[in-house]
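J.: Structure file data_25.cif (mmCIF, C-alpha atoms) is given on the next line.
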data_data
loop_
_atom_site.label_atom_id
_atom_site.label_comp_id
_atom_site.auth_asym_id
_atom_site.auth_seq_id
_atom_site.Cartn_x
_atom_site.Cartn_y
_atom_site.Cartn_z
CA MET A 944 -26.71 -57.65 44.07
CA LYS A 945 -30.00 -58.42 42.39
CA LYS A 946 -31.42 -61.85 41.56
CA TYR A 947 -32.13 -62.75 37.92
CA VAL A 948 -33.60 -65.68 36.02
CA ILE A 949 -31.82 -66.27 32.72
CA GLU A 950 -33.67 -68.18 30.00
CA ARG A 951 -31.50 -70.06 27.53
CA ASP A 952 -32.77 -71.85 24.42
CA ILE A 953 -30.41 -74.79 23.92
CA PRO A 954 -31.72 -77.56 21.65
CA GLU A 955 -31.88 -80.93 23.43
CA ALA A 956 -30.47 -79.48 26.66
CA GLY A 957 -32.53 -82.03 28.56
CA LYS A 958 -30.69 -84.85 26.79
CA MET A 959 -27.22 -83.75 27.96
CA THR A 960 -25.11 -86.50 29.41
CA ASP A 961 -23.59 -86.10 32.87
CA ALA A 962 -20.22 -85.45 31.20
CA GLN A 963 -21.70 -82.74 28.96
CA ALA A 964 -23.43 -81.09 31.93
CA ALA A 965 -20.18 -81.17 33.92
CA ALA A 966 -18.27 -79.62 31.01
CA ALA A 967 -20.87 -76.86 30.66
CA ALA A 968 -20.68 -76.14 34.39
CA GLU A 969 -16.87 -76.04 34.27
CA ASN A 970 -17.03 -73.60 31.34
CA SER A 971 -19.49 -71.40 33.22
CA ASN A 972 -17.37 -71.52 36.39
CA ALA A 973 -14.28 -70.40 34.46
CA ALA A 974 -16.18 -67.37 33.14
CA LEU A 975 -17.57 -66.63 36.61
CA ALA A 976 -14.05 -66.68 38.06
CA GLN A 977 -13.07 -63.91 35.64
CA LEU A 978 -16.10 -61.80 36.62
CA ALA A 979 -16.20 -62.38 40.38
CA PRO A 980 -17.73 -60.95 42.43
CA ALA A 981 -20.02 -59.19 39.90
CA VAL A 982 -21.86 -62.42 38.95
CA GLN A 983 -22.73 -65.50 41.00
CA TRP A 984 -24.48 -68.61 39.69
CA GLN A 985 -26.94 -70.11 42.15
CA GLN A 986 -28.50 -72.98 40.17
CA SER A 987 -29.96 -74.01 36.84
CA HIS A 988 -33.07 -75.97 35.87
CA VAL A 989 -32.93 -77.96 32.63
CA ALA A 990 -36.27 -78.58 30.91
CA GLY A 991 -36.49 -79.88 27.36
CA ASP A 992 -34.82 -77.39 25.04
CA LYS A 993 -34.37 -74.74 27.72
CA ILE A 994 -32.17 -73.99 30.68
CA PHE A 995 -33.37 -71.54 33.34
CA CYS A 996 -30.50 -70.20 35.45
CA VAL A 997 -30.72 -68.26 38.70
CA TYR A 998 -27.94 -65.70 39.12
CA LEU A 999 -27.05 -62.93 41.52
CA ALA A 1000 -25.46 -60.05 39.65
CA ASP A 1001 -24.57 -56.38 39.79
CA GLY A 1002 -26.67 -55.92 36.64
CA GLU A 1003 -27.66 -57.36 33.29
CA ALA A 1004 -24.40 -56.21 31.69
CA ALA A 1005 -22.43 -58.56 33.96
CA ILE A 1006 -24.69 -61.47 32.97
CA ARG A 1007 -24.25 -60.66 29.28
CA LYS A 1008 -20.46 -60.53 29.78
CA HIS A 1009 -20.62 -64.02 31.32
CA SER A 1010 -22.49 -65.21 28.24
CA GLU A 1011 -19.88 -63.64 25.97
CA ILE A 1012 -16.96 -65.23 27.82
CA SER A 1013 -18.57 -68.65 28.29
CA GLY A 1014 -20.24 -68.86 24.88
CA ILE A 1015 -23.49 -69.91 26.55
CA PRO A 1016 -26.35 -68.07 24.80
CA ILE A 1017 -29.02 -65.97 26.50
CA THR A 1018 -32.59 -65.85 25.24
CA ALA A 1019 -33.93 -63.52 27.93
CA ILE A 1020 -33.01 -62.03 31.30
CA TYR A 1021 -35.71 -61.50 33.93
CA PRO A 1022 -35.02 -59.48 37.10
CA VAL A 1023 -36.65 -61.26 40.05
CA ASP A 1024 -39.16 -59.05 41.87
CA ARG A 1025 -40.16 -61.53 44.55
CA VAL A 1026 -39.39 -65.08 45.64
CA MET A 1027 -42.34 -67.19 46.76
CA ASP A 1028 -42.59 -70.62 48.33
CA PRO A 1029 -45.14 -72.48 50.49
CA SER A 1030 -44.22 -70.39 53.52
CA SER A 1031 -45.36 -67.28 51.61
CA ALA A 1032 -48.95 -68.25 52.53
CA GLN A 1033 -48.26 -67.49 56.18
CA SER A 1034 -48.68 -63.91 57.36
#
If you convert what's in this file into structure tokens, what do you get?
T.:
Amino acid sequence: MKKYVIERDIPEAGKMTDAQAAAAAENSNAALAQLAPAVQWQQSHVAGDKIFCVYLADGEAAIRKHSEISGIPITAIYPVDRVMDPSSAQS
């Protein structure tokens, strides 16, 4: 499986209530259950009018199928080439 970052333009995503966020996660989980094990959701970062999701998937087609089933739009899909963190500075 490859790691992907999915960009989603969702107006006022950052203003979601806890209940709205929980409902969105439940909706996503239901779609993931139908597609398992081809797609796995790792986490999402909500910032303003965008949500950036980190997925593991067999390919972009599986991610697009998740979007179709869940109704959660995709703006762009970016395959992850490398993961970096503070420990990346050590050789």
J.: Between atom CA of Ile949 of chain A and atom CA of Thr1018 of chain A, measure the distance and give it in Å to one decimal.
T.: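 About the pair atom CA of Ile949 of chain A and atom CA of Thr1018 of chain A: they are 7.5 Å apart.
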J.: So, with all atoms listed in the file as the atoms that count, which of A:Pro1022, A:Gln977, A:Ile994, A:Trp984 lies closest to Lys1008 of chain A?
T.: A:Gln977
J.: Calculate, to one decimal in Å, the centre and edge lengths of the box along x, y and z of the file that holds all listed atoms of segment 975-990 of chain A with 5 Å of margin on each side, and present them as JSON.
T.:
{"center_x": -24.7, "center_y": -68.9, "center_z": 36.7, "size_x": 33.2, "size_y": 29.4, "size_z": 21.5}
J.: Could you list, as a list in words, every residue matched by the PyMOL selection byres ((chain A and resi 1000-1002) around 6) in this structure?
T.: Met944, Lys945, Ala981, Val982, Leu999, Glu1003, Ala1004 and Ala1005 of chain A
J.: Of the residues A:Ala1019, A:Met1027, A:Ala966, A:Ala976, which is the one nearest to Glu950 of chain A, using all atoms listed in the file?
T.: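 Answer, going by the shortest atom-to-atom distance: A:Ala1019.
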J.: If you measure from atom CA of Ile1012 of chain A to atom CA of Ala968 of chain A, what distance in Å do you get, rounded to one decimal?
T.: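 That distance, rounded to one decimal, is 13.3 Å.
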J.: Given the file shown, enumerate the residues that the PyMOL selection byres ((chain A and resi 959) around 12) captures and present them as a PyMOL selection string.
T.: chain A and resi 953-958+960-968+989-994
J.: Would you please work out which residue, of A:Asn970, A:Tyr1021, A:Arg1007, A:Gln983, is nearest to Val948 of chain A when using all atoms listed in the file?
T.: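 Once distances to Val948 of chain A are computed over all atoms listed in the file, the minimum belongs to A:Tyr1021.
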J.: Would you compute the distance between atom CA of Glu1011 of chain A and atom CA of Val1023 of chain A? Give it in Å to one decimal.
T.: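 Calculated distance between atom CA of Glu1011 of chain A and atom CA of Val1023 of chain A is 22.0 Å.
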